[in-house]
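K.L.:
Shown below is the structure under consideration.
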Amino acid sequence: VQLQASGGGLVQAGGSLRLSCSASGRAFRNYVMGWFRQAPGKERAFVAAISRSGGSTNYDNSVKGRFTISRDNGKNTVALQMNGLKPEDTAVYYCLADGSLRIWDPNRARLGTSYDDWGQGTLVTVSS
């Protein structure tokens with residue numbers, strides 16, 4: 001599946017952004033979707049993931065309560081609503097797809113190696 005993330009930009013601390021990722025290719029509903037991010041000088045890190053139906057989600061503790069992942073299987077999109085942004089949220093954000101059809105496992109969904117396809121990132125910059 002081909003993935004294209006969008007919605008990044010520059011925002012002040014405390015502000016909000018909504019990232020979107022559109023997918024093309026095979027049946028989107030078959031994919032567990034995830035968002036990862038990579039801050040300058042740091043390794044890529046898990047942010048959030050969502051099950052195929054959208055009924056289950058998992059978040060990194062650093063974003064829990066501030067970020068919300070959602071998906072629309074009819075439109076082949078997954079979104080990341082980011083509220084209460086902090087300077088430490090500054091990073092390139094990537095959407096990922098896991099087409100393995102394994103049973104939803106929130107721990108597995110936190111691992112970058114669980115995903116088959118990575119999209120181009122979108123840059124989020126949070127100013128203090």
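We label chains A, B, ... in the order they appear in the structure tokens, count residues from 1 in each chain, and number ligands from 1 in the order shown.
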Using only C-alpha atoms, which residues sit within 7 Å of range 99-101 of chain A once same-chain residues fewer than 3 positions away are excluded, as a VMD selection string?
P.N.:
chain A and resid 30 to 32 116
K.L.:
Between A:Leu3, A:Val92, A:Val47, A:Ala97, which is the closest to Thr113 in chain A once you count only C-alpha atoms?
P.N.:
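For Thr113 in chain A, the nearest of the candidates is A:Ala97.
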K.L.:
Would you mind writing down, as number ranges by chain, each residue of chain A that DSSP on the backbone assigns to strand (DSSP E or B)?
P.N.:
A: 2-6, 9-12, 17-24, 32-38, 45-50, 57-59, 67-72, 77-82, 91-98, 117-118, 120, 122-127
K.L.:
To one decimal in Å, tell me the separation between CA of Gly9 in chain A and CA of Ala91 in chain A.
P.N.:
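Value for the CA of Gly9 in chain A-CA of Ala91 in chain A distance: 10.4 Å.
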K.L.:
Name the residues in contact with Trp104 in chain A at a cut-off of 12 Å, using only C-alpha atoms, excluding same-chain residues fewer than 6 positions from it; report them as a list in words.
P.N.:
Asn30, Tyr31, Val32, Met33, Ala49, Ile50, Ser51, Arg52, Ser53, Gly54, Gly55, Ser56, Thr57, Asn58, Asp98, Arg110 and Ser114 of chain A
K.L.:
Just N, CA, C and O atoms for this one: save the residues we selected as a PDB file, in the first residue's frame.
P.N.:
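Resulting contents of again02.pdb:
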ATOM      1  N   ASN A  30      -7.707  -3.916   5.734  1.00  0.00           N
ATOM      2  CA  ASN A  30      -6.907  -5.069   6.165  1.00  0.00           C
ATOM      3  C   ASN A  30      -5.639  -4.681   6.915  1.00  0.00           C
ATOM      4  O   ASN A  30      -4.898  -5.543   7.369  1.00  0.00           O
ATOM      5  N   TYR A  31      -5.407  -3.368   7.044  1.00  0.00           N
ATOM      6  CA  TYR A  31      -4.146  -2.907   7.597  1.00  0.00           C
ATOM      7  C   TYR A  31      -4.313  -2.327   8.999  1.00  0.00           C
ATOM      8  O   TYR A  31      -5.188  -1.472   9.230  1.00  0.00           O
ATOM      9  N   VAL A  32      -3.478  -2.770   9.900  1.00  0.00           N
ATOM     10  CA  VAL A  32      -3.260  -2.024  11.144  1.00  0.00           C
ATOM     11  C   VAL A  32      -2.439  -0.796  10.766  1.00  0.00           C
ATOM     12  O   VAL A  32      -1.481  -0.892   9.992  1.00  0.00           O
ATOM     13  N   MET A  33      -2.827   0.345  11.286  1.00  0.00           N
ATOM     14  CA  MET A  33      -2.155   1.588  10.937  1.00  0.00           C
ATOM     15  C   MET A  33      -1.482   2.188  12.161  1.00  0.00           C
ATOM     16  O   MET A  33      -2.010   2.121  13.284  1.00  0.00           O
ATOM     17  N   ALA A  49      -1.273   3.757  17.383  1.00  0.00           N
ATOM     18  CA  ALA A  49      -1.673   2.743  16.415  1.00  0.00           C
ATOM     19  C   ALA A  49      -3.154   2.467  16.566  1.00  0.00           C
ATOM     20  O   ALA A  49      -3.748   2.707  17.635  1.00  0.00           O
ATOM     21  N   ILE A  50      -3.747   1.935  15.494  1.00  0.00           N
ATOM     22  CA  ILE A  50      -5.172   1.658  15.490  1.00  0.00           C
ATOM     23  C   ILE A  50      -5.428   0.345  14.766  1.00  0.00           C
ATOM     24  O   ILE A  50      -4.779   0.033  13.767  1.00  0.00           O
ATOM     25  N   SER A  51      -6.356  -0.426  15.297  1.00  0.00           N
ATOM     26  CA  SER A  51      -6.678  -1.727  14.718  1.00  0.00           C
ATOM     27  C   SER A  51      -7.429  -1.574  13.401  1.00  0.00           C
ATOM     28  O   SER A  51      -7.819  -0.473  13.007  1.00  0.00           O
ATOM     29  N   ARG A  52      -7.635  -2.673  12.731  1.00  0.00           N
ATOM     30  CA  ARG A  52      -8.254  -2.647  11.396  1.00  0.00           C
ATOM     31  C   ARG A  52      -9.658  -2.061  11.418  1.00  0.00           C
ATOM     32  O   ARG A  52     -10.044  -1.320  10.515  1.00  0.00           O
ATOM     33  N   SER A  53     -10.406  -2.375  12.428  1.00  0.00           N
ATOM     34  CA  SER A  53     -11.776  -1.865  12.515  1.00  0.00           C
ATOM     35  C   SER A  53     -11.836  -0.467  13.097  1.00  0.00           C
ATOM     36  O   SER A  53     -12.863   0.210  12.979  1.00  0.00           O
ATOM     37  N   GLY A  54     -10.757  -0.061  13.748  1.00  0.00           N
ATOM     38  CA  GLY A  54     -10.758   1.214  14.458  1.00  0.00           C
ATOM     39  C   GLY A  54     -11.236   1.097  15.888  1.00  0.00           C
ATOM     40  O   GLY A  54     -11.256   2.088  16.620  1.00  0.00           O
ATOM     41  N   GLY A  55     -11.587  -0.107  16.307  1.00  0.00           N
ATOM     42  CA  GLY A  55     -12.140  -0.283  17.630  1.00  0.00           C
ATOM     43  C   GLY A  55     -11.120  -0.329  18.751  1.00  0.00           C
ATOM     44  O   GLY A  55     -11.474  -0.188  19.921  1.00  0.00           O
ATOM     45  N   SER A  56      -9.855  -0.514  18.397  1.00  0.00           N
ATOM     46  CA  SER A  56      -8.797  -0.566  19.406  1.00  0.00           C
ATOM     47  C   SER A  56      -7.677   0.383  19.016  1.00  0.00           C
ATOM     48  O   SER A  56      -7.341   0.503  17.839  1.00  0.00           O
ATOM     49  N   THR A  57      -7.117   1.048  20.026  1.00  0.00           N
ATOM     50  CA  THR A  57      -6.018   1.972  19.800  1.00  0.00           C
ATOM     51  C   THR A  57      -4.956   1.768  20.874  1.00  0.00           C
ATOM     52  O   THR A  57      -5.210   1.152  21.924  1.00  0.00           O
ATOM     53  N   ASN A  58      -3.786   2.293  20.595  1.00  0.00           N
ATOM     54  CA  ASN A  58      -2.688   2.251  21.548  1.00  0.00           C
ATOM     55  C   ASN A  58      -1.866   3.513  21.372  1.00  0.00           C
ATOM     56  O   ASN A  58      -1.667   3.973  20.241  1.00  0.00           O
ATOM     57  N   ASP A  98       0.534  -2.106   8.495  1.00  0.00           N
ATOM     58  CA  ASP A  98       0.859  -3.512   8.750  1.00  0.00           C
ATOM     59  C   ASP A  98      -0.206  -4.370   8.095  1.00  0.00           C
ATOM     60  O   ASP A  98      -1.345  -4.416   8.572  1.00  0.00           O
ATOM     61  N   ARG A 110       3.408  -1.341  18.609  1.00  0.00           N
ATOM     62  CA  ARG A 110       4.349  -0.312  19.032  1.00  0.00           C
ATOM     63  C   ARG A 110       5.716  -0.461  18.361  1.00  0.00           C
ATOM     64  O   ARG A 110       6.581   0.408  18.510  1.00  0.00           O
ATOM     65  N   SER A 114       7.046  -4.137  12.914  1.00  0.00           N
ATOM     66  CA  SER A 114       5.773  -4.816  12.641  1.00  0.00           C
ATOM     67  C   SER A 114       5.129  -4.334  11.356  1.00  0.00           C
ATOM     68  O   SER A 114       4.166  -4.941  10.891  1.00  0.00           O
TER      69      SER A 114
END
K.L.:
Please give the complete set of residues from chain A that DSSP, run on the backbone, assigns to helix (DSSP H, G or I), formatted as a PyMOL selection string.
P.N.:
chain A and resi 28-30+87-89+108-110+112-114
K.L.:
Could I get the residues of range 50-70 of chain A with an atom no further than 10 Å from an atom of range 12-27 of chain A, each paired with its nearest atom pair and that distance in Å to one decimal, using only C-alpha atoms, sorted by chain and residue number, as a Markdown table?
P.N.:
| residue | atom | partner | partner_atom | distance |
| --- | --- | --- | --- | --- |
| A:Arg66 | CA | A:Ser16 | CA | 9.5 |
| A:Phe67 | CA | A:Arg18 | CA | 9.4 |
| A:Thr68 | CA | A:Arg18 | CA | 9.4 |
| A:Ile69 | CA | A:Leu19 | CA | 9.4 |
| A:Ser70 | CA | A:Ser20 | CA | 9.6 |
K.L.:
In terms of the shortest atom-to-atom distance over only C-alpha atoms, which of A:Val78, A:Arg44, A:Arg29, A:Ser127 is closest to Cys95 in chain A?
P.N.:
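For Cys95 in chain A, the nearest of the given residues is A:Val78.
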K.L.:
Mind checking which residues fall within 10 Å of range 60-64 of chain A, counting only C-alpha atoms, ignoring those fewer than 4 positions away in the same chain, and posting them as a PDB file with N, CA, C and O atoms, in the first residue's frame?
P.N.:
ATOM      1  N   PHE A  36       4.379   7.021  13.677  1.00  0.00           N
ATOM      2  CA  PHE A  36       5.660   7.115  14.356  1.00  0.00           C
ATOM      3  C   PHE A  36       6.212   8.513  14.113  1.00  0.00           C
ATOM      4  O   PHE A  36       5.743   9.234  13.219  1.00  0.00           O
ATOM      5  N   ALA A  45      10.284   6.817  16.732  1.00  0.00           N
ATOM      6  CA  ALA A  45       9.601   6.356  17.931  1.00  0.00           C
ATOM      7  C   ALA A  45       8.100   6.205  17.693  1.00  0.00           C
ATOM      8  O   ALA A  45       7.506   6.981  16.939  1.00  0.00           O
ATOM      9  N   PHE A  46       7.518   5.246  18.362  1.00  0.00           N
ATOM     10  CA  PHE A  46       6.082   4.992  18.275  1.00  0.00           C
ATOM     11  C   PHE A  46       5.279   6.146  18.862  1.00  0.00           C
ATOM     12  O   PHE A  46       5.657   6.714  19.895  1.00  0.00           O
ATOM     13  N   VAL A  47       4.162   6.461  18.181  1.00  0.00           N
ATOM     14  CA  VAL A  47       3.253   7.486  18.680  1.00  0.00           C
ATOM     15  C   VAL A  47       1.886   6.875  18.993  1.00  0.00           C
ATOM     16  O   VAL A  47       1.391   6.972  20.117  1.00  0.00           O
ATOM     17  N   ALA A  48       1.281   6.244  17.984  1.00  0.00           N
ATOM     18  CA  ALA A  48      -0.064   5.704  18.156  1.00  0.00           C
ATOM     19  C   ALA A  48      -0.324   4.649  17.083  1.00  0.00           C
ATOM     20  O   ALA A  48       0.310   4.664  16.032  1.00  0.00           O
ATOM     21  N   ALA A  49      -1.273   3.757  17.383  1.00  0.00           N
ATOM     22  CA  ALA A  49      -1.673   2.743  16.415  1.00  0.00           C
ATOM     23  C   ALA A  49      -3.154   2.467  16.566  1.00  0.00           C
ATOM     24  O   ALA A  49      -3.748   2.707  17.635  1.00  0.00           O
ATOM     25  N   THR A  68      -5.131  11.822  19.390  1.00  0.00           N
ATOM     26  CA  THR A  68      -6.161  10.821  19.095  1.00  0.00           C
ATOM     27  C   THR A  68      -5.967  10.293  17.686  1.00  0.00           C
ATOM     28  O   THR A  68      -5.915  11.085  16.739  1.00  0.00           O
ATOM     29  N   MET A  82      -3.781  16.117  17.078  1.00  0.00           N
ATOM     30  CA  MET A  82      -2.784  16.444  18.096  1.00  0.00           C
ATOM     31  C   MET A  82      -3.180  17.741  18.785  1.00  0.00           C
ATOM     32  O   MET A  82      -3.209  18.799  18.150  1.00  0.00           O
ATOM     33  N   ASN A  83      -3.501  17.653  20.055  1.00  0.00           N
ATOM     34  CA  ASN A  83      -3.860  18.816  20.857  1.00  0.00           C
ATOM     35  C   ASN A  83      -2.822  19.033  21.945  1.00  0.00           C
ATOM     36  O   ASN A  83      -2.073  18.121  22.297  1.00  0.00           O
ATOM     37  N   GLY A  84      -2.801  20.225  22.480  1.00  0.00           N
ATOM     38  CA  GLY A  84      -1.860  20.505  23.558  1.00  0.00           C
ATOM     39  C   GLY A  84      -0.424  20.254  23.166  1.00  0.00           C
ATOM     40  O   GLY A  84       0.356  19.710  23.955  1.00  0.00           O
ATOM     41  N   LEU A  85      -0.058  20.678  21.972  1.00  0.00           N
ATOM     42  CA  LEU A  85       1.281  20.375  21.459  1.00  0.00           C
ATOM     43  C   LEU A  85       2.365  21.039  22.299  1.00  0.00           C
ATOM     44  O   LEU A  85       2.190  22.157  22.826  1.00  0.00           O
ATOM     45  N   LYS A  86       3.472  20.320  22.409  1.00  0.00           N
ATOM     46  CA  LYS A  86       4.617  20.773  23.176  1.00  0.00           C
ATOM     47  C   LYS A  86       5.833  20.844  22.257  1.00  0.00           C
ATOM     48  O   LYS A  86       5.893  20.133  21.250  1.00  0.00           O
ATOM     49  N   GLU A  88       8.571  19.473  22.534  1.00  0.00           N
ATOM     50  CA  GLU A  88       9.153  18.134  22.390  1.00  0.00           C
ATOM     51  C   GLU A  88       8.376  17.241  21.425  1.00  0.00           C
ATOM     52  O   GLU A  88       8.814  16.134  21.123  1.00  0.00           O
ATOM     53  N   ASP A  89       7.243  17.705  20.929  1.00  0.00           N
ATOM     54  CA  ASP A  89       6.517  16.975  19.898  1.00  0.00           C
ATOM     55  C   ASP A  89       7.073  17.277  18.509  1.00  0.00           C
ATOM     56  O   ASP A  89       6.649  16.654  17.518  1.00  0.00           O
ATOM     57  N   ARG A 110       3.408  -1.341  18.609  1.00  0.00           N
ATOM     58  CA  ARG A 110       4.349  -0.312  19.032  1.00  0.00           C
ATOM     59  C   ARG A 110       5.716  -0.461  18.361  1.00  0.00           C
ATOM     60  O   ARG A 110       6.581   0.408  18.510  1.00  0.00           O
TER      61      ARG A 110
END
K.L.:
So the first atom is CA of Asn73 in chain A and the second is CA of Ala5 in chain A; what is the distance between them in Å, to one decimal place?
P.N.:
15.9 Å
K.L.:
For Leu111 in chain A, which of A:Gln2, A:Gln38, A:Lys75, A:Leu96 is the closest residue, counting only C-alpha atoms?
P.N.:
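Selected residue with least distance to Leu111 in chain A: A:Leu96.
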